[in-house]
file start_7.cif (mmCIF, C-alpha atoms and all ligand atoms)
data_work
loop_
_atom_site.label_atom_id
_atom_site.label_comp_id
_atom_site.auth_asym_id
_atom_site.auth_seq_id
_atom_site.Cartn_x
_atom_site.Cartn_y
_atom_site.Cartn_z
CA MET A 367 23.94 76.49 38.87
CA THR A 368 23.27 80.15 39.45
CA VAL A 369 19.72 81.31 38.98
CA ASP A 370 18.57 84.62 37.56
CA LEU A 371 15.54 86.05 39.37
CA SER A 372 15.41 89.29 37.39
CA VAL A 373 12.11 90.38 35.84
CA THR A 374 10.87 93.36 33.84
CA ILE A 375 7.70 95.24 34.73
CA GLY A 376 6.91 97.95 32.19
CA ASN A 377 10.04 100.12 31.99
CA LEU A 378 11.45 98.87 35.28
CA LYS A 379 14.10 96.18 35.46
CA LEU A 380 13.97 94.44 38.83
CA ALA A 381 16.88 92.37 40.12
CA ASN A 382 14.31 90.02 41.64
CA PRO A 383 10.49 89.88 41.76
CA VAL A 384 10.06 90.53 45.50
CA MET A 385 8.82 93.84 46.93
CA PRO A 386 6.85 95.00 49.97
CA ALA A 387 3.07 95.27 49.85
CA SER A 388 2.11 98.88 50.38
CA GLY A 389 1.38 99.83 53.97
CA THR A 390 3.24 96.95 55.59
CA PHE A 391 6.68 98.50 55.17
CA GLY A 392 6.07 102.19 55.92
CA TYR A 393 8.36 104.25 53.69
CA GLY A 394 11.29 101.90 54.20
CA GLN A 395 12.88 103.56 57.26
CA GLU A 396 11.09 101.23 59.64
CA TYR A 397 12.88 98.18 58.19
CA ALA A 398 16.23 99.71 57.31
CA GLY A 399 17.87 98.40 60.50
CA LEU A 400 16.51 94.92 59.91
CA ILE A 401 17.13 94.18 56.23
CA ASP A 402 19.19 95.64 53.39
CA LEU A 403 16.70 97.52 51.22
CA ASN A 404 19.11 97.14 48.30
CA ASP A 405 18.28 93.41 48.26
CA LEU A 406 14.66 94.08 47.26
CA GLY A 407 13.32 93.99 43.71
CA ALA A 408 11.54 97.31 44.30
CA ILE A 409 10.46 99.51 47.19
CA VAL A 410 6.71 100.19 47.35
CA SER A 411 5.67 102.97 49.72
CA LYS A 412 2.66 103.30 51.96
CA ALA A 413 -0.17 105.35 50.44
CA VAL A 414 0.33 109.04 49.70
CA SER A 415 -2.70 111.36 49.45
CA PRO A 416 -2.66 115.09 48.64
CA ALA A 417 -3.02 116.23 52.28
CA PRO A 418 -1.85 114.39 55.40
CA ARG A 419 -4.34 111.87 56.80
CA PRO A 420 -4.51 110.92 60.48
CA GLY A 421 -6.05 107.50 59.73
CA ASN A 422 -8.77 105.79 61.71
CA LYS A 423 -9.22 105.68 65.47
CA PRO A 424 -7.66 102.78 67.40
CA PRO A 425 -7.66 99.85 67.80
CA ARG A 426 -6.56 99.56 64.17
CA MET A 427 -5.06 96.08 63.95
CA VAL A 428 -6.11 92.74 65.34
CA GLU A 429 -4.79 89.25 64.73
CA LEU A 430 -7.31 86.61 63.63
CA LYS A 431 -6.83 82.91 62.86
CA GLY A 432 -4.56 82.84 59.81
CA ALA A 433 -5.20 86.51 59.12
CA LEU A 434 -4.74 90.11 60.14
CA LEU A 435 -7.58 92.63 60.25
CA ASN A 436 -6.54 96.27 59.90
CA SER A 437 -8.26 99.61 59.66
CA ILE A 438 -5.29 101.97 59.47
CA GLY A 439 -7.32 104.17 57.12
CA LEU A 440 -4.44 105.26 54.86
CA GLN A 441 -2.67 107.38 57.46
CA ASN A 442 0.09 109.27 55.66
CA PRO A 443 2.08 112.52 55.67
CA GLY A 444 0.58 113.91 52.41
CA ILE A 445 2.53 115.01 49.32
CA GLU A 446 4.67 117.65 51.05
CA GLY A 447 5.49 115.49 54.05
CA PHE A 448 6.42 112.62 51.73
CA ILE A 449 8.75 114.81 49.65
CA GLU A 450 10.37 116.46 52.66
CA LYS A 451 10.65 113.54 55.07
CA LYS A 452 10.68 110.32 53.04
CA ILE A 453 12.31 111.05 49.67
CA PRO A 454 15.73 112.03 51.15
CA PHE A 455 15.88 108.64 52.88
CA LEU A 456 14.78 106.71 49.78
CA ARG A 457 17.45 108.40 47.63
CA GLN A 458 20.22 106.23 49.05
CA PHE A 459 18.88 102.92 47.68
CA LYS A 460 19.21 101.26 44.27
CA PRO A 461 15.86 99.45 43.72
CA PRO A 462 13.11 101.34 41.88
CA VAL A 463 10.76 103.28 44.17
CA VAL A 464 7.05 102.92 43.44
CA VAL A 465 4.70 105.25 45.31
CA ASN A 466 1.27 103.98 46.33
CA VAL A 467 -1.29 106.70 45.59
CA VAL A 468 -4.71 107.28 47.08
CA GLY A 469 -7.34 110.01 46.92
CA ASN A 470 -11.01 110.76 47.38
CA SER A 471 -11.48 111.72 43.72
CA ILE A 472 -9.71 111.24 40.42
CA GLU A 473 -8.54 114.84 40.77
CA GLU A 474 -6.83 114.02 44.07
CA TYR A 475 -5.05 111.03 42.55
CA ARG A 476 -3.92 113.28 39.73
CA GLN A 477 -2.56 115.85 42.16
CA VAL A 478 -0.32 113.26 43.83
CA VAL A 479 0.90 111.81 40.53
CA GLU A 480 1.64 115.24 39.04
CA ALA A 481 3.49 116.43 42.14
CA LEU A 482 5.63 113.31 42.37
CA ASP A 483 6.20 112.99 38.62
CA ALA A 484 8.75 115.78 39.01
CA ILE A 485 10.72 113.88 41.70
CA ASP A 486 13.52 111.89 40.08
CA ARG A 487 13.69 109.25 42.83
CA VAL A 488 10.07 108.22 42.15
CA ASP A 489 10.13 105.59 39.40
CA GLY A 490 6.47 104.68 39.24
CA PHE A 491 3.05 104.79 40.82
CA GLU A 492 0.85 102.09 42.28
CA ILE A 493 -2.72 103.36 42.18
CA ASN A 494 -4.75 102.05 45.09
CA LEU A 495 -8.24 101.51 43.71
CA SER A 496 -9.21 99.13 46.40
CA CYS A 497 -8.81 100.00 50.06
CA PRO A 498 -11.85 98.62 51.91
CA ASN A 499 -11.36 100.65 55.08
CA VAL A 500 -11.80 104.27 54.11
CA GLN A 501 -15.23 105.83 53.96
CA LYS A 502 -15.13 107.85 50.75
CA GLY A 503 -13.87 107.37 47.26
CA LEU A 504 -12.49 104.25 45.64
CA GLU A 505 -15.88 103.31 44.21
CA PHE A 506 -14.61 104.00 40.71
CA GLY A 507 -12.32 101.02 41.20
CA THR A 508 -15.26 98.63 40.97
CA THR A 509 -16.55 99.44 37.47
CA VAL A 510 -14.99 99.03 34.04
CA ASP A 511 -15.79 102.65 33.20
CA GLY A 512 -14.34 103.92 36.46
CA VAL A 513 -11.09 101.98 36.07
CA ALA A 514 -10.77 103.11 32.45
CA ARG A 515 -11.40 106.75 33.39
CA ILE A 516 -8.88 106.94 36.23
CA THR A 517 -6.22 105.05 34.24
CA ARG A 518 -6.67 107.40 31.26
CA GLU A 519 -6.49 110.46 33.47
CA LEU A 520 -3.33 109.34 35.29
CA ARG A 521 -1.68 108.03 32.12
CA SER A 522 -1.90 111.56 30.72
CA ALA A 523 -0.31 112.92 33.92
CA THR A 524 2.87 110.82 33.89
CA LYS A 525 5.20 108.85 31.65
CA LYS A 526 6.50 106.97 34.68
CA ASP A 527 5.30 103.44 35.31
CA LEU A 528 1.66 103.13 36.26
CA TRP A 529 0.49 100.08 38.19
CA MET A 530 -3.23 99.73 38.91
CA LYS A 531 -4.00 97.92 42.17
CA LEU A 532 -7.41 96.40 41.56
CA THR A 533 -10.21 95.74 43.99
CA PRO A 534 -10.70 92.14 45.10
CA THR A 535 -14.46 92.65 45.46
CA VAL A 536 -15.66 91.89 41.94
CA PRO A 537 -16.39 88.35 40.74
CA ASN A 538 -14.32 88.64 37.58
CA PRO A 539 -11.43 91.09 37.65
CA GLY A 540 -10.53 90.35 34.01
CA ASP A 541 -12.74 93.14 32.67
CA LEU A 542 -11.23 95.66 35.10
CA GLY A 543 -7.76 94.49 34.14
CA LYS A 544 -8.53 94.88 30.43
CA ALA A 545 -9.88 98.39 31.05
CA ALA A 546 -6.64 99.41 32.78
CA GLU A 547 -4.51 97.75 30.10
CA GLY A 548 -6.50 99.42 27.33
CA GLU A 549 -5.78 102.86 28.80
CA GLY A 550 -2.05 102.32 29.09
CA ALA A 551 -1.38 100.85 32.54
CA ASP A 552 2.05 99.18 32.75
CA ALA A 553 1.02 96.51 35.27
CA LEU A 554 -1.79 95.26 37.49
CA VAL A 555 -1.50 94.52 41.20
CA ALA A 556 -3.86 92.03 42.88
CA ILE A 557 -5.12 91.88 45.56
CA ASN A 558 -5.73 94.42 48.31
CA THR A 559 -7.24 93.37 51.64
CA ILE A 560 -10.82 92.05 51.69
CA GLY A 561 -13.36 93.88 53.86
CA GLY A 562 -14.21 92.22 57.16
CA MET A 563 -14.82 92.71 60.88
CA THR A 564 -14.54 90.95 64.21
CA ILE A 565 -16.69 91.17 67.35
CA ASP A 566 -15.62 90.76 70.96
CA ALA A 567 -18.33 88.58 72.47
CA GLU A 568 -17.53 89.60 76.07
CA SER A 569 -17.96 93.33 75.55
CA ARG A 570 -20.46 92.67 72.73
CA ARG A 571 -18.90 95.18 70.36
CA PRO A 572 -16.70 95.39 67.30
CA VAL A 573 -13.00 95.17 68.14
CA LEU A 574 -11.75 97.78 65.65
CA GLY A 575 -12.31 101.45 66.34
CA ALA A 576 -13.56 101.83 62.75
CA ARG A 577 -15.68 98.63 63.13
CA PHE A 578 -14.69 97.35 59.68
CA GLY A 579 -11.26 96.66 58.32
CA GLY A 580 -9.36 94.75 55.67
CA VAL A 581 -8.41 91.08 56.00
CA SER A 582 -4.91 90.07 54.89
CA GLY A 583 -2.50 87.20 55.41
CA PRO A 584 -2.60 83.43 54.72
CA ALA A 585 -6.43 83.35 54.83
CA ILE A 586 -6.65 85.38 51.59
CA LYS A 587 -3.95 83.59 49.59
CA ALA A 588 -6.42 81.33 47.75
CA VAL A 589 -8.53 84.35 46.79
CA ALA A 590 -5.50 86.26 45.55
CA LEU A 591 -4.25 83.31 43.51
CA LYS A 592 -7.61 83.02 41.75
CA TYR A 593 -7.55 86.74 40.90
CA VAL A 594 -4.06 86.52 39.49
CA TRP A 595 -5.11 83.46 37.50
CA LEU A 596 -8.16 85.24 36.04
CA LEU A 597 -6.18 88.39 35.23
CA TYR A 598 -3.52 86.34 33.45
CA GLU A 599 -6.23 84.94 31.19
CA SER A 600 -7.40 88.47 30.33
CA VAL A 601 -4.36 90.74 29.91
CA LYS A 602 -0.86 90.79 28.44
CA ILE A 603 0.69 93.35 30.81
CA PRO A 604 2.54 92.00 33.87
CA ILE A 605 0.61 91.09 37.01
CA ILE A 606 2.04 91.59 40.49
CA GLY A 607 0.56 89.06 42.92
CA VAL A 608 -0.07 89.84 46.57
CA GLY A 609 -2.00 88.16 49.36
CA GLY A 610 -0.77 85.81 52.06
CA ILE A 611 2.72 85.22 50.66
CA PHE A 612 4.91 84.03 53.54
CA ASN A 613 7.63 81.99 51.83
CA GLY A 614 9.27 81.11 48.54
CA VAL A 615 6.82 78.32 47.71
CA ASP A 616 3.87 80.69 48.20
CA ALA A 617 5.62 83.11 45.85
CA MET A 618 6.20 80.39 43.23
CA GLU A 619 2.49 79.51 43.33
CA PHE A 620 1.74 83.10 42.28
CA ILE A 621 4.36 82.98 39.52
CA LEU A 622 2.87 79.74 38.19
CA ALA A 623 -0.62 81.32 38.32
CA GLY A 624 0.62 84.16 36.12
CA ALA A 625 2.34 86.77 38.30
CA THR A 626 5.59 88.30 37.04
CA ALA A 627 6.43 89.67 40.50
CA ILE A 628 5.05 89.38 44.03
CA GLN A 629 4.57 91.53 47.11
CA VAL A 630 5.00 90.49 50.72
CA GLY A 631 2.70 92.20 53.23
CA THR A 632 1.44 90.72 56.48
CA ALA A 633 4.43 88.35 56.63
CA ASN A 634 6.68 91.36 57.32
CA PHE A 635 4.94 91.82 60.67
CA VAL A 636 5.50 88.19 61.63
CA ASN A 637 9.05 87.92 60.32
CA PRO A 638 10.91 91.16 59.52
CA THR A 639 13.31 89.28 57.23
CA ALA A 640 10.42 87.71 55.27
CA MET A 641 11.37 89.44 52.00
CA PRO A 642 15.05 88.46 51.84
CA ASP A 643 13.95 85.00 52.99
CA VAL A 644 11.42 84.75 50.14
CA ILE A 645 14.11 85.85 47.63
CA SER A 646 16.54 83.15 48.71
CA GLN A 647 13.79 80.54 48.93
CA MET A 648 12.68 81.34 45.37
CA ALA A 649 16.27 80.95 44.19
CA ASP A 650 16.46 77.61 46.03
CA TRP A 651 13.18 76.48 44.44
CA LEU A 652 14.47 77.25 40.96
CA GLU A 653 17.72 75.47 41.61
CA GLU A 654 16.02 72.40 43.10
CA HIS A 655 13.69 72.19 40.10
CA GLY A 656 16.45 72.59 37.51
CA GLU A 657 15.29 76.03 36.36
CA SER A 658 17.61 78.96 35.73
CA THR A 659 15.17 81.84 35.12
CA LEU A 660 11.65 82.80 36.14
CA GLN A 661 10.31 83.81 32.74
CA PRO A 662 9.22 80.36 31.47
CA LEU A 663 7.50 79.65 34.77
CA ILE A 664 5.22 82.68 34.65
CA GLY A 665 1.68 81.34 34.13
CA GLU A 666 2.95 77.78 33.67
CA ALA A 667 0.02 76.31 35.62
CA HIS A 668 -2.25 77.48 32.77
CA ARG A 669 -0.27 75.41 30.30
CA THR A 670 -0.25 72.15 32.26
CA GLN A 671 -3.25 69.84 32.12
CA GLY A 672 -5.23 68.35 34.99
CA ALA A 673 -4.94 68.65 38.74
CA ALA A 674 -1.90 68.41 41.00
CA LEU A 675 -0.38 65.05 41.82
CA SER A 676 0.09 65.97 45.47
CA ILE A 677 -2.17 67.87 47.84
CA LYS A 678 0.20 68.32 50.75
CA ASN A 679 1.08 71.66 52.33
CA HIS A 680 -1.89 73.59 51.00
C1 LIG A 701 -1.49 97.31 57.96
C2 LIG A 701 -1.78 97.34 56.49
C3 LIG A 701 -1.75 98.55 55.79
C4 LIG A 701 -2.00 98.59 54.41
N1 LIG A 701 -1.95 99.78 53.75
C5 LIG A 701 -2.10 99.81 52.39
C6 LIG A 701 -1.95 101.03 51.65
O1 LIG A 701 -1.61 102.08 52.20
N2 LIG A 701 -2.16 100.99 50.30
C7 LIG A 701 -2.49 99.80 49.65
O2 LIG A 701 -2.66 99.82 48.42
N3 LIG A 701 -2.61 98.64 50.32
C8 LIG A 701 -2.43 98.61 51.66
N4 LIG A 701 -2.51 97.42 52.34
C9 LIG A 701 -2.80 96.17 51.59
C10 LIG A 701 -1.51 95.40 51.27
O3 LIG A 701 -0.65 96.16 50.44
C11 LIG A 701 -1.82 94.04 50.60
O4 LIG A 701 -2.50 94.30 49.38
C12 LIG A 701 -2.68 93.12 51.46
O5 LIG A 701 -2.31 93.23 52.82
C13 LIG A 701 -2.60 91.66 51.04
O6 LIG A 701 -1.28 91.16 51.17
P1 LIG A 701 -0.76 90.31 52.46
O7 LIG A 701 -1.78 89.23 52.69
O8 LIG A 701 0.58 89.79 52.06
O9 LIG A 701 -0.69 91.26 53.61
C14 LIG A 701 -2.29 97.37 53.73
C15 LIG A 701 -2.30 96.16 54.43
C16 LIG A 701 -2.04 96.12 55.78
C17 LIG A 701 -2.04 94.78 56.48
#
call {"tool": "encode", "arguments": {"input": "start_7.cif", "output": "structure tokens"}}
result
Amino acid sequence: MTVDLSVTIGNLKLANPVMPASGTFGYGQEYAGLIDLNDLGAIVSKAVSPAPRPGNKPPRMVELKGALLNSIGLQNPGIEGFIEKKIPFLRQFKPPVVVNVVGNSIEEYRQVVEALDAIDRVDGFEINLSCPNVQKGLEFGTTVDGVARITRELRSATKKDLWMKLTPTVPNPGDLGKAAEGEGADALVAINTIGGMTIDAESRRPVLGARFGGVSGPAIKAVALKYVWLLYESVKIPIIGVGGIFNGVDAMEFILAGATAIQVGTANFVNPTAMPDVISQMADWLEEHGESTLQPLIGEAHRTQGAALSIKNH
């Protein structure tokens, strides 16, 4: 049996549901010698802000038990640098390119979206409303009004696909999701890293140069799954699940919770072929379970009654 992993997110047809989580894949060049970017469902860039950002002072990444803590601080080349240095490289690949956008104000987000709307190789925007490790901005991502306002503003700036990446720091993301959906977002992305820190007991100080950072990796998978689950109960637009996905079974858990597609982040640092591996493992999962397409499996855990029959491997 051959399985069909294709999915549709808004106006974008993806050959499979697997894409990089922003910031863990640079702008693609970093991985081009390691994997074939044409195998991916989509290419999601690291954040782009109007002007270049140097990011936070080092150390900016530290490994924890089952997690990564980072405080990169949205380092990026700015709009001009992105157009000059990254777009020519991205032109050679088939999968849709979605640009992760960040700013200190709604106006700054709008500047990035307007500037890149004119670039044919940019197929959509992922709006980062949720980075825990920058000092300013992003607060409008935590209120229904704020999410509605920024979505409305950016919707009027582009006809290209608009994905809103929601903050993981509210108890019920459903209302934020509905606000984005109501203003015309094409999809929701959940979750970003969760704010955290670590202390070195010997030197008695925080390990990260910025003191605080964002926690990612296997430790946040349960949190991300719950967010996807809650969003699925609240909205009709597709949800893209992200958080601690390391293999095909992890990815299928997100699909069953209600995600139409998934992003792989921290796993790329551990295993550079994590994304192609997840794609083939998802195909294997479908085949082994007698399924030929993903569509009927999206959100299936909501439609089954009771708890799991097995508790292994969780
Ligand atoms: C080093 C690093 C840099 C990141 N940079 C961004 C970014 O620029 N924009 C963004 O929206 N999310 C960024 N993220 C968050 C990831 O896209 C993702 O939401 C998060 O890491 C959870 O997924 P994971 O557990 O698979 O890594 C970054 C994460 C890491 C680890």
call {"tool": "closest_residue", "arguments": {"input": "start_7.cif", "among": "A:Thr639, A:Thr533, A:Ser569, A:Ser600", "to": "ligand LIG 701 (chain A)", "atoms": "all atoms listed in the file"}}
result
A:Thr533
call {"tool": "residues_around", "arguments": {"input": "start_7.cif", "residues": "segment 447-463 of chain A", "least_positions_apart": "3", "cutoff": "9 Å", "atoms": "all atoms listed in the file", "output": "list in words"}}
result
Leu378, Lys379, Leu380, Ala381, Tyr393, Gly394, Gln395, Leu403, Asn404, Asp405, Leu406, Gly407, Ala408, Ile409, Val410, Ser411, Val414, Ala417, Pro418, Asn442, Pro443, Gly444, Leu482, Ile485, Arg487, Val488, Asp489, Gly490 and Phe491 of chain A
call {"tool": "residues_near_ligand", "arguments": {"input": "start_7.cif", "ligand": "ligand LIG 701 (chain A)", "cutoff": "8 Å", "atoms": "only C-alpha atoms and all ligand atoms", "output": "ChimeraX atom specification"}}
result
/A:386-390,411-414,427,433-441,466-468,492-497,531,556-559,580-587,608-612,629-633
call {"tool": "residues_around", "arguments": {"input": "start_7.cif", "residues": "Ala553 of chain A", "least_positions_apart": "5", "cutoff": "7 Å", "atoms": "all atoms listed in the file", "output": "MDAnalysis selection string"}}
result
chainID A and resid 375:376 528:530 603:605
call {"tool": "write_last_selection", "arguments": {"input": "start_7.cif", "atoms": "C-alpha atoms", "output": "tab-separated table (two decimals), keeping the file's coordinate frame"}}
result
chain	number	residue	atom	x	y	z
A	375	ILE	CA	7.70	95.24	34.73
A	376	GLY	CA	6.91	97.95	32.19
A	528	LEU	CA	1.66	103.13	36.26
A	529	TRP	CA	0.49	100.08	38.19
A	530	MET	CA	-3.23	99.73	38.91
A	603	ILE	CA	0.69	93.35	30.81
A	604	PRO	CA	2.54	92.00	33.87
A	605	ILE	CA	0.61	91.09	37.01
call {"tool": "closest_residue", "arguments": {"input": "start_7.cif", "among": "A:Leu675, A:Val615, A:Leu660, A:Ala667", "to": "Asp370 of chain A", "atoms": "all atoms listed in the file"}}
result
A:Leu660
call {"tool": "build_atoms", "arguments": {"input": "start_7.cif", "residues": "segment 458-483 of chain A", "atoms": "N, CA, C and O atoms", "output": "PDB file, keeping the file's coordinate frame"}}
result
ATOM      1  N   GLN A 458      18.957 106.966  48.903  1.00  0.00           N
ATOM      2  CA  GLN A 458      20.220 106.230  49.050  1.00  0.00           C
ATOM      3  C   GLN A 458      20.160 104.804  48.510  1.00  0.00           C
ATOM      4  O   GLN A 458      21.183 104.127  48.481  1.00  0.00           O
ATOM      5  N   PHE A 459      18.972 104.330  48.076  1.00  0.00           N
ATOM      6  CA  PHE A 459      18.880 102.920  47.680  1.00  0.00           C
ATOM      7  C   PHE A 459      18.758 102.738  46.167  1.00  0.00           C
ATOM      8  O   PHE A 459      18.300 103.626  45.471  1.00  0.00           O
ATOM      9  N   LYS A 460      19.188 101.558  45.713  1.00  0.00           N
ATOM     10  CA  LYS A 460      19.210 101.260  44.270  1.00  0.00           C
ATOM     11  C   LYS A 460      17.858 100.829  43.685  1.00  0.00           C
ATOM     12  O   LYS A 460      17.534 101.219  42.574  1.00  0.00           O
ATOM     13  N   PRO A 461      17.063  99.982  44.391  1.00  0.00           N
ATOM     14  CA  PRO A 461      15.860  99.450  43.720  1.00  0.00           C
ATOM     15  C   PRO A 461      14.878 100.564  43.338  1.00  0.00           C
ATOM     16  O   PRO A 461      14.822 101.602  44.002  1.00  0.00           O
ATOM     17  N   PRO A 462      14.118 100.355  42.271  1.00  0.00           N
ATOM     18  CA  PRO A 462      13.110 101.340  41.880  1.00  0.00           C
ATOM     19  C   PRO A 462      12.148 101.628  43.033  1.00  0.00           C
ATOM     20  O   PRO A 462      11.814 100.726  43.800  1.00  0.00           O
ATOM     21  N   VAL A 463      11.729 102.888  43.138  1.00  0.00           N
ATOM     22  CA  VAL A 463      10.760 103.280  44.170  1.00  0.00           C
ATOM     23  C   VAL A 463       9.407 103.507  43.497  1.00  0.00           C
ATOM     24  O   VAL A 463       9.292 104.303  42.552  1.00  0.00           O
ATOM     25  N   VAL A 464       8.409 102.788  43.973  1.00  0.00           N
ATOM     26  CA  VAL A 464       7.050 102.920  43.440  1.00  0.00           C
ATOM     27  C   VAL A 464       6.171 103.480  44.562  1.00  0.00           C
ATOM     28  O   VAL A 464       6.142 102.937  45.660  1.00  0.00           O
ATOM     29  N   VAL A 465       5.490 104.579  44.267  1.00  0.00           N
ATOM     30  CA  VAL A 465       4.700 105.250  45.310  1.00  0.00           C
ATOM     31  C   VAL A 465       3.232 104.838  45.185  1.00  0.00           C
ATOM     32  O   VAL A 465       2.635 104.948  44.117  1.00  0.00           O
ATOM     33  N   ASN A 466       2.692 104.345  46.284  1.00  0.00           N
ATOM     34  CA  ASN A 466       1.270 103.980  46.330  1.00  0.00           C
ATOM     35  C   ASN A 466       0.453 105.254  46.513  1.00  0.00           C
ATOM     36  O   ASN A 466       0.736 106.070  47.376  1.00  0.00           O
ATOM     37  N   VAL A 467      -0.542 105.438  45.642  1.00  0.00           N
ATOM     38  CA  VAL A 467      -1.290 106.700  45.590  1.00  0.00           C
ATOM     39  C   VAL A 467      -2.748 106.460  45.947  1.00  0.00           C
ATOM     40  O   VAL A 467      -3.360 105.495  45.480  1.00  0.00           O
ATOM     41  N   VAL A 468      -3.295 107.386  46.750  1.00  0.00           N
ATOM     42  CA  VAL A 468      -4.710 107.280  47.080  1.00  0.00           C
ATOM     43  C   VAL A 468      -5.339 108.663  47.129  1.00  0.00           C
ATOM     44  O   VAL A 468      -4.643 109.660  47.365  1.00  0.00           O
ATOM     45  N   GLY A 469      -6.639 108.728  46.866  1.00  0.00           N
ATOM     46  CA  GLY A 469      -7.340 110.010  46.920  1.00  0.00           C
ATOM     47  C   GLY A 469      -8.824 109.784  47.043  1.00  0.00           C
ATOM     48  O   GLY A 469      -9.304 108.649  46.921  1.00  0.00           O
ATOM     49  N   ASN A 470      -9.552 110.855  47.286  1.00  0.00           N
ATOM     50  CA  ASN A 470     -11.010 110.760  47.380  1.00  0.00           C
ATOM     51  C   ASN A 470     -11.694 111.021  46.050  1.00  0.00           C
ATOM     52  O   ASN A 470     -12.908 110.886  45.938  1.00  0.00           O
ATOM     53  N   SER A 471     -10.918 111.453  45.044  1.00  0.00           N
ATOM     54  CA  SER A 471     -11.480 111.720  43.720  1.00  0.00           C
ATOM     55  C   SER A 471     -10.364 111.522  42.715  1.00  0.00           C
ATOM     56  O   SER A 471      -9.176 111.506  43.088  1.00  0.00           O
ATOM     57  N   ILE A 472     -10.735 111.411  41.455  1.00  0.00           N
ATOM     58  CA  ILE A 472      -9.710 111.240  40.420  1.00  0.00           C
ATOM     59  C   ILE A 472      -8.772 112.442  40.448  1.00  0.00           C
ATOM     60  O   ILE A 472      -7.559 112.313  40.287  1.00  0.00           O
ATOM     61  N   GLU A 473      -9.334 113.615  40.704  1.00  0.00           N
ATOM     62  CA  GLU A 473      -8.540 114.840  40.770  1.00  0.00           C
ATOM     63  C   GLU A 473      -7.459 114.729  41.855  1.00  0.00           C
ATOM     64  O   GLU A 473      -6.313 115.136  41.666  1.00  0.00           O
ATOM     65  N   GLU A 474      -7.825 114.165  42.994  1.00  0.00           N
ATOM     66  CA  GLU A 474      -6.830 114.020  44.070  1.00  0.00           C
ATOM     67  C   GLU A 474      -5.719 113.047  43.687  1.00  0.00           C
ATOM     68  O   GLU A 474      -4.551 113.276  43.992  1.00  0.00           O
ATOM     69  N   TYR A 475      -6.089 111.957  43.029  1.00  0.00           N
ATOM     70  CA  TYR A 475      -5.050 111.030  42.550  1.00  0.00           C
ATOM     71  C   TYR A 475      -4.106 111.774  41.601  1.00  0.00           C
ATOM     72  O   TYR A 475      -2.894 111.633  41.653  1.00  0.00           O
ATOM     73  N   ARG A 476      -4.715 112.562  40.729  1.00  0.00           N
ATOM     74  CA  ARG A 476      -3.920 113.280  39.730  1.00  0.00           C
ATOM     75  C   ARG A 476      -2.946 114.248  40.397  1.00  0.00           C
ATOM     76  O   ARG A 476      -1.793 114.375  39.982  1.00  0.00           O
ATOM     77  N   GLN A 477      -3.427 114.905  41.443  1.00  0.00           N
ATOM     78  CA  GLN A 477      -2.560 115.850  42.160  1.00  0.00           C
ATOM     79  C   GLN A 477      -1.294 115.154  42.677  1.00  0.00           C
ATOM     80  O   GLN A 477      -0.197 115.682  42.571  1.00  0.00           O
ATOM     81  N   VAL A 478      -1.481 113.984  43.265  1.00  0.00           N
ATOM     82  CA  VAL A 478      -0.320 113.260  43.830  1.00  0.00           C
ATOM     83  C   VAL A 478       0.627 112.853  42.693  1.00  0.00           C
ATOM     84  O   VAL A 478       1.839 113.072  42.766  1.00  0.00           O
ATOM     85  N   VAL A 479       0.052 112.290  41.631  1.00  0.00           N
ATOM     86  CA  VAL A 479       0.900 111.810  40.530  1.00  0.00           C
ATOM     87  C   VAL A 479       1.648 112.975  39.885  1.00  0.00           C
ATOM     88  O   VAL A 479       2.857 112.880  39.627  1.00  0.00           O
ATOM     89  N   GLU A 480       0.967 114.088  39.667  1.00  0.00           N
ATOM     90  CA  GLU A 480       1.640 115.240  39.040  1.00  0.00           C
ATOM     91  C   GLU A 480       2.754 115.775  39.929  1.00  0.00           C
ATOM     92  O   GLU A 480       3.848 116.083  39.463  1.00  0.00           O
ATOM     93  N   ALA A 481       2.478 115.877  41.219  1.00  0.00           N
ATOM     94  CA  ALA A 481       3.490 116.430  42.140  1.00  0.00           C
ATOM     95  C   ALA A 481       4.720 115.526  42.204  1.00  0.00           C
ATOM     96  O   ALA A 481       5.856 115.998  42.228  1.00  0.00           O
ATOM     97  N   LEU A 482       4.498 114.216  42.194  1.00  0.00           N
ATOM     98  CA  LEU A 482       5.630 113.310  42.370  1.00  0.00           C
ATOM     99  C   LEU A 482       6.288 112.935  41.042  1.00  0.00           C
ATOM    100  O   LEU A 482       7.400 112.414  41.020  1.00  0.00           O
ATOM    101  N   ASP A 483       5.614 113.239  39.942  1.00  0.00           N
ATOM    102  CA  ASP A 483       6.200 112.990  38.620  1.00  0.00           C
ATOM    103  C   ASP A 483       7.506 113.775  38.469  1.00  0.00           C
ATOM    104  O   ASP A 483       8.437 113.333  37.796  1.00  0.00           O
TER     105      ASP A 483
END
